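Chemist: Here it is: the structure, laid out below.
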There are 2 protein chains.
Amino acid sequence: MAKGSSISGFPEWLPSERVVEQRVIDTLRRTFELNGFIGIETRAVEQGASLLKKGETSKEIYLLSRLQDVGNEADTPVADRLGLHFDLTVPLSRYVVEHSGQLAFPFKRWQIQKVWRGERPQEGRFREFVQADIDVVGNGDLPEHYEVDLPLVMVSALEQLREFGLPKATVHANNRKLSEGFYRGLGLTDIEGVLREIDKLDKIGAEEVVKLLVSECGASEDQARACLELADLTADNGADLTAKFNALCELHHVTENEEAYALAKQGLDTLANIIDKAARIRPGAVVADLKIARGLDYYTGSVYETFLEGAASLGSICSGGRYDNLASQGSKRYPGVGLSIGLSRLVSYMLHTAKATATRVSPAVVLVAVWNENDRAISDDIAARLRARGIAADVAPTAAKLGKQIKYADKLGIPYVWFPADTLETEAAPDGTEADQATHDEVKNIITGDQQPANADTWEPDSALAEQGVKLES
Amino acid sequence: MAKGSSISGFPEWLPSERVVEQRVIDTLRRTFELNGFIGIETRAVEQGASLLKKGETSKEIYLLSRLQDVGNEADTPVADRLGLHFDLTVPLSRYVVEHSGQLAFPFKRWQIQKVWRGERPQEGRFREFVQADIDVVGNGDLPEHYEVDLPLVMVSALEQLREFGLPKATVHANNRKLSEGFYRGLGLTDIEGVLREIDKLDKIGAEEVVKLLVSECGASEDQARACLELADLTADNGADLTAKFNALCELHHVTENEEAYALAKQGLDTLANIIDKAARIRPGAVVADLKIARGLDYYTGSVYETFLEGAASLGSICSGGRYDNLASQGSKRYPGVGLSIGLSRLVSYMLHTAKATATRVSPAVVLVAVWNENDRAISDDIAARLRARGIAADVAPTAAKLGKQIKYADKLGIPYVWFPADTLETEAAPDGTEADQATHDEVKNIITGDQQPANADTWEPDSALAEQGVKLES
């Protein structure tokens, strides 16, 4: 992150860091579009009422006030004020309802945008960051196969980011129906309560969760232990998952409650399908992990979290699930399934841990030198001819000594310096000790020192140097 | 704009409209990078004190408050609160000062981001919109040739947008030194006042401006008329400009005030240089227009406004100039020159007047049909093989009747539908009247009706259909 950034929680990248973020965004966009997702951008603000709707999960929201309303803010109820969106899911559900007549369903959309959360600054969290989301939203119903498809799109997208230093990512999947069926089969009724406590497992440990299940959710010690046994269950193929889950259900007599078991079975089948299909395409990319609960109460089927190998401290970097009731309009329902990448945190990891950086600061591959200001038009013309062929070119800021011009290129990481041919107007080269001006254009690779005659209408840079890219310094 | 958008001033595009905006952004970015500009993104917020700094030009600012501070907002002075940036120039000057040690100067940067202005909604203005800026910032000094270069980069960028329906753009340039020298030569002293009144010419007309120059700026009727004569002056080459301007200076005895005329001459020479150089590269793209004043008091040299042929009502769509004193740190000065495109207004024009729209809603070029849900894996595999070769592919949402699958493709504008080969598992085609499942894959162009055998490892779409693009409906 740029040093001295003066507002805590609002990350801002230096130019060479921004190149990494931009390439990450470009790569995700490309993957999403290859998979047929449609890009949208929603406005940054929503009505306070929309932002506050999800009571339990209410985020730290930033509200807006116009400068001329300062002092009178309290006159407007929060629900009627505008606030910055804290995720891209609330805007999506509003967008879908608002424009349903003009969208084709199922509506597959990608969206990469900034979101804002008014977290307390001392927590060291980002208060402004970029999210990258994909969702599929149905009109009325939504086929279950999307719960299989979407985590695989994300796996494929994250796979593309490994060249920028991202470790291997594994999606951990669970299913709300499986959990709910199992809990109901045990005789528990406060399903949301149980999910909320299970979600704390990694933070507070098993014994504390047992205590909370007993004290907060009306569970007996045995029921609480059974919930933990379920949370312990992992599998990387459907047969193994089914065998382990059914054994647990029989052990705890869940199978005897037909309705509850039928619900659990629905979730089990979806989950088994997800990991089997994923294993065929990318072995090890998606595993069943029955402790994944997700705090948000709007999920109704699959839930996903994604962890990076060797970067547990980052937590889940890509989460989501199926939500049947997020958006509705009158009697119309718009069920969806989606996942969201916390992109700024990923980029921060790439920059600071994986040491990703731009191969060069400037997008230009060549700097055209200027022998003297009267001949600047000659250099401008050379640059224009290069650009017309798609070769990014800069022109030296001043007709300084050649060494200074080369130093400018070097500071920006521009690998080639172009020397225009001698002309009648040109006097002696300003710094003859370094290069004599020739009767034809020459181009110098300032990394290797190689210098060759060149023509701006035909010259090509070394293909490895042509485009600004990302490298890992470690 | 998307119908029913419920917050006035916050435009939001439908998917096919967003494609246009995205292509415009991609095109500008490409042009800026070809010219060696470095992309940065700054945080959306700045300290209130920074936003309020420019007294005369204070914009309508949105201030932020955290949800839990609602009611106590008045406890914090506005200068200490956070606000959304209203342009990309204030953030740039802050960024340059903050990170000066890590930047190479002159720092050429491009930046395309949303900005926010708390305008009164009834004015029908955008309160959230995208700006696209280029600036060059020097450390201590900045060569004058950038005042020639930057408008030409913008002309080249706007030229690229003509394929999206943008009319021919012409940059109208003036120079503050020229105006100030002339006014001082007339004996006027309230230079900012005169510029402010001249800036109103198009809105209120010559007679009203004369009245204001007399009543507000201490001008005599003769002085006021001379100011109007200057504002009337236009030229498309340096010799013509110089001749006309000098004639005017002699007529009004400006040449007799040596100091004032020397200042005017500086500005005149820069301006003549700009239009002559522009004329060599793009005849007619840049003209001298001495009524261009720009209300902002921080410009110190060239000023630019850009108008579209046949779209006068849009006003200037790309404005800027040279500012020697915008950023400073102690005794260090960072002079700059830059231009800013009001991108959302341009996109709105392209959509609603030029009738630009996406060639298709979905980025996918092919929809792979699904004969029945048990065979979905076959269709998924075909799509994966296409994507591996960079061909964007979608898979039918359900194994509905073939007619319905084709209709889905049609609604998204996807030109090809892929029919997987018959397999042992496959029963009769669900809708045999429309297509019989063959023993090999086939692909149908649903626009022409042409259907051919195809292999997912080798097939290529018609090159005209390969990428989602923009077309003009008119």
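Residue numbering restarts at 1 in every chain; chains get A, B, ... in the order shown in the structure tokens, and ligands count up from 1 in that same order.
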Would you please extract all helix (DSSP H, G or I) residues from region 211-430 of chain A, as assigned by DSSP on the backbone, and give them as a PyMOL selection string?

Modeler: chain A and resi 211-217+221-232+238-251+254-256+258-281+312-314+343-352+373-388+402-412

Chemist: Provide as a ChimeraX atom specification the residues of chain A at most 7 Å from chain B, counting only C-alpha atoms.

Modeler: /A:4,10-12,15,18,33-40,42-43,60-67,71,74,98,104,118,362-364,387,390-394,411-412

Chemist: Residues of the last selection are to be written out with N, CA and C atoms, as a short mmCIF file (atom, residue, chain, number, x, y, z; two decimals), in the first residue's frame.

Modeler:
data_model
loop_
_atom_site.label_atom_id
_atom_site.label_comp_id
_atom_site.auth_asym_id
_atom_site.auth_seq_id
_atom_site.Cartn_x
_atom_site.Cartn_y
_atom_site.Cartn_z
N GLY A 4 2.12 6.33 3.86
CA GLY A 4 1.61 7.63 4.28
C GLY A 4 0.17 7.91 3.87
N PHE A 10 -8.68 3.04 3.90
CA PHE A 10 -8.94 3.37 2.48
C PHE A 10 -7.67 3.11 1.68
N PRO A 11 -7.47 1.88 1.24
CA PRO A 11 -6.21 1.55 0.57
C PRO A 11 -6.10 2.26 -0.76
N GLU A 12 -4.89 2.56 -1.11
CA GLU A 12 -4.62 3.25 -2.37
C GLU A 12 -3.28 2.73 -2.86
N PRO A 15 1.48 3.32 -8.52
CA PRO A 15 1.28 2.90 -9.91
C PRO A 15 1.66 1.45 -10.19
N ARG A 18 -0.97 -0.73 -8.68
CA ARG A 18 -2.24 -0.63 -9.40
C ARG A 18 -2.24 -1.53 -10.64
N GLU A 33 -16.66 -13.50 -18.45
CA GLU A 33 -17.29 -13.35 -19.76
C GLU A 33 -17.16 -14.62 -20.60
N LEU A 34 -16.04 -15.31 -20.49
CA LEU A 34 -15.90 -16.60 -21.19
C LEU A 34 -17.00 -17.56 -20.77
N ASN A 35 -17.46 -17.42 -19.53
CA ASN A 35 -18.51 -18.28 -19.01
C ASN A 35 -19.91 -17.71 -19.23
N GLY A 36 -20.01 -16.67 -20.01
CA GLY A 36 -21.33 -16.16 -20.38
C GLY A 36 -21.98 -15.24 -19.36
N PHE A 37 -21.20 -14.75 -18.39
CA PHE A 37 -21.78 -13.80 -17.44
C PHE A 37 -21.80 -12.41 -18.06
N ILE A 38 -22.86 -11.66 -17.73
CA ILE A 38 -23.09 -10.33 -18.29
C ILE A 38 -22.65 -9.29 -17.27
N GLY A 39 -21.83 -8.34 -17.70
CA GLY A 39 -21.33 -7.33 -16.76
C GLY A 39 -22.34 -6.21 -16.52
N ILE A 40 -22.56 -5.88 -15.27
CA ILE A 40 -23.35 -4.68 -14.99
C ILE A 40 -22.59 -3.83 -13.97
N THR A 42 -23.80 -1.11 -10.91
CA THR A 42 -24.91 -0.41 -10.25
C THR A 42 -24.38 0.87 -9.62
N ARG A 43 -25.30 1.80 -9.38
CA ARG A 43 -24.89 3.03 -8.72
C ARG A 43 -24.28 2.70 -7.34
N GLU A 60 -21.86 -2.08 8.77
CA GLU A 60 -21.54 -0.71 9.11
C GLU A 60 -21.69 0.13 7.85
N ILE A 61 -22.71 0.97 7.86
CA ILE A 61 -23.07 1.70 6.64
C ILE A 61 -22.58 3.14 6.71
N TYR A 62 -22.17 3.65 5.56
CA TYR A 62 -21.89 5.08 5.42
C TYR A 62 -23.11 5.75 4.81
N LEU A 63 -23.66 6.71 5.52
CA LEU A 63 -24.77 7.50 4.98
C LEU A 63 -24.22 8.78 4.37
N LEU A 64 -24.96 9.33 3.41
CA LEU A 64 -24.52 10.56 2.74
C LEU A 64 -25.34 11.76 3.22
N SER A 65 -24.71 12.91 3.26
CA SER A 65 -25.50 14.14 3.38
C SER A 65 -24.88 15.20 2.49
N ARG A 66 -25.74 15.98 1.87
CA ARG A 66 -25.24 17.06 1.02
C ARG A 66 -24.70 18.17 1.92
N LEU A 67 -23.65 18.82 1.42
CA LEU A 67 -22.99 19.86 2.21
C LEU A 67 -23.99 20.85 2.79
N GLY A 71 -26.00 19.68 9.55
CA GLY A 71 -26.67 20.27 10.70
C GLY A 71 -28.14 19.89 10.74
N ALA A 74 -30.53 15.17 10.90
CA ALA A 74 -31.46 14.42 11.75
C ALA A 74 -32.90 14.59 11.29
N GLU A 98 -36.10 -4.10 -10.22
CA GLU A 98 -36.41 -2.85 -10.92
C GLU A 98 -36.48 -3.05 -12.43
N ALA A 104 -33.24 -11.07 -19.42
CA ALA A 104 -33.53 -12.46 -19.77
C ALA A 104 -33.13 -13.32 -18.56
N GLY A 118 -18.48 1.21 7.06
CA GLY A 118 -18.02 2.15 8.09
C GLY A 118 -17.48 1.46 9.33
N SER A 362 5.50 2.16 -16.45
CA SER A 362 4.82 2.80 -17.57
C SER A 362 4.28 1.74 -18.53
N PRO A 363 3.11 1.98 -19.10
CA PRO A 363 2.64 1.06 -20.14
C PRO A 363 3.47 1.16 -21.42
N ALA A 364 4.27 2.23 -21.55
CA ALA A 364 5.04 2.42 -22.78
C ALA A 364 6.18 1.40 -22.85
N ARG A 387 2.60 4.07 -32.23
CA ARG A 387 1.26 3.90 -31.62
C ARG A 387 0.24 3.42 -32.64
N GLY A 390 -0.03 -0.02 -32.57
CA GLY A 390 -0.36 -0.65 -31.29
C GLY A 390 0.81 -0.74 -30.33
N ILE A 391 1.91 -0.04 -30.62
CA ILE A 391 3.09 -0.07 -29.74
C ILE A 391 3.06 1.18 -28.86
N ALA A 392 2.91 0.97 -27.54
CA ALA A 392 2.79 2.10 -26.62
C ALA A 392 4.12 2.84 -26.54
N ALA A 393 4.07 4.13 -26.76
CA ALA A 393 5.30 4.91 -26.83
C ALA A 393 5.16 6.21 -26.06
N ASP A 394 6.25 6.59 -25.42
CA ASP A 394 6.32 7.88 -24.75
C ASP A 394 7.43 8.68 -25.42
N LYS A 411 13.74 4.66 -14.92
CA LYS A 411 12.93 4.85 -13.72
C LYS A 411 11.50 4.35 -13.94
N LEU A 412 11.01 4.51 -15.17
CA LEU A 412 9.65 4.04 -15.49
C LEU A 412 9.65 2.59 -15.95
#

Chemist: Find the spatial neighbours of region 231-243 of chain A, counting only C-alpha atoms, within a cut-off of 8 Å - ignore same-chain residues fewer than 2 positions away - and output them as a short mmCIF file (atom, residue, chain, number, x, y, z; two decimals) with N, CA and C atoms, in the first residue's frame.

Modeler:
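Now in selection_39.cif:
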data_model
loop_
_atom_site.label_atom_id
_atom_site.label_comp_id
_atom_site.auth_asym_id
_atom_site.auth_seq_id
_atom_site.Cartn_x
_atom_site.Cartn_y
_atom_site.Cartn_z
N ILE A 198 -22.38 -22.43 15.29
CA ILE A 198 -21.42 -23.28 14.57
C ILE A 198 -20.44 -22.43 13.77
N CYS A 227 -24.10 -32.00 16.85
CA CYS A 227 -23.88 -30.88 15.92
C CYS A 227 -22.40 -30.74 15.62
N LEU A 228 -21.55 -30.89 16.62
CA LEU A 228 -20.11 -30.78 16.41
C LEU A 228 -19.58 -31.92 15.54
N GLU A 229 -20.15 -33.14 15.75
CA GLU A 229 -19.72 -34.26 14.92
C GLU A 229 -20.04 -33.97 13.46
N PHE A 245 -22.20 -39.30 6.15
CA PHE A 245 -23.36 -38.55 6.64
C PHE A 245 -24.46 -39.51 7.10
N ASN A 246 -24.71 -40.54 6.29
CA ASN A 246 -25.77 -41.49 6.66
C ASN A 246 -25.43 -42.24 7.95
N ALA A 247 -24.15 -42.57 8.12
CA ALA A 247 -23.74 -43.24 9.36
C ALA A 247 -24.05 -42.35 10.56
N LEU A 268 -27.85 -33.13 0.86
CA LEU A 268 -26.76 -34.10 0.68
C LEU A 268 -26.52 -34.39 -0.80
N LEU A 271 -24.90 -31.48 -2.61
CA LEU A 271 -23.50 -31.33 -2.20
C LEU A 271 -22.64 -32.42 -2.81
N ALA A 272 -23.17 -33.68 -2.79
CA ALA A 272 -22.42 -34.80 -3.38
C ALA A 272 -22.20 -34.54 -4.87
N ASN A 273 -23.21 -34.02 -5.51
CA ASN A 273 -23.14 -33.69 -6.94
C ASN A 273 -22.06 -32.63 -7.20
N ILE A 275 -19.36 -31.86 -5.40
CA ILE A 275 -17.95 -32.27 -5.24
C ILE A 275 -17.56 -33.34 -6.25
N ASP A 276 -18.51 -34.18 -6.66
CA ASP A 276 -18.16 -35.17 -7.69
C ASP A 276 -17.88 -34.49 -9.03
N ALA A 279 -14.66 -32.71 -8.88
CA ALA A 279 -13.51 -33.62 -8.88
C ALA A 279 -13.18 -34.07 -10.29
N GLY A 284 -9.76 -31.91 -6.22
CA GLY A 284 -9.30 -31.20 -5.03
C GLY A 284 -9.72 -29.76 -4.94
N VAL A 286 -12.84 -28.47 -4.90
CA VAL A 286 -14.02 -28.25 -4.05
C VAL A 286 -14.16 -29.44 -3.11
N VAL A 287 -14.29 -29.18 -1.82
CA VAL A 287 -14.50 -30.25 -0.85
C VAL A 287 -15.76 -29.97 -0.05
N ALA A 288 -16.38 -31.06 0.45
CA ALA A 288 -17.50 -30.90 1.37
C ALA A 288 -16.92 -30.67 2.76
N ASP A 289 -17.40 -29.66 3.44
CA ASP A 289 -16.87 -29.30 4.76
C ASP A 289 -18.07 -28.82 5.56
N LEU A 290 -18.59 -29.72 6.43
CA LEU A 290 -19.91 -29.46 7.01
C LEU A 290 -19.91 -28.47 8.17
N LYS A 291 -18.74 -27.87 8.44
CA LYS A 291 -18.76 -26.80 9.45
C LYS A 291 -19.01 -25.43 8.83
N ILE A 292 -19.02 -25.39 7.50
CA ILE A 292 -19.27 -24.10 6.84
C ILE A 292 -20.72 -23.70 7.08
#

Chemist: When you count only C-alpha atoms, which of these residues is closest to Gln111 (chain A): A:Thr458, A:Thr189, A:Gln131, A:Ser348?

Modeler: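 Closest to Gln111 (chain A), using only C-alpha atoms: A:Gln131.
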
Chemist: I'd like the contact shell of Ala260 (chain A) - 10 Å cut-off, only C-alpha atoms, skipping same-chain residues fewer than 5 positions apart - returned as a list in words.

Modeler: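 In the requested form, the answer reads Lys177, Leu178, Ser179, Glu180, Gly181, Phe182, Tyr183, Arg184, Gly185, Leu186, Gly187, Val254, Thr255 and Lys265 of chain A.
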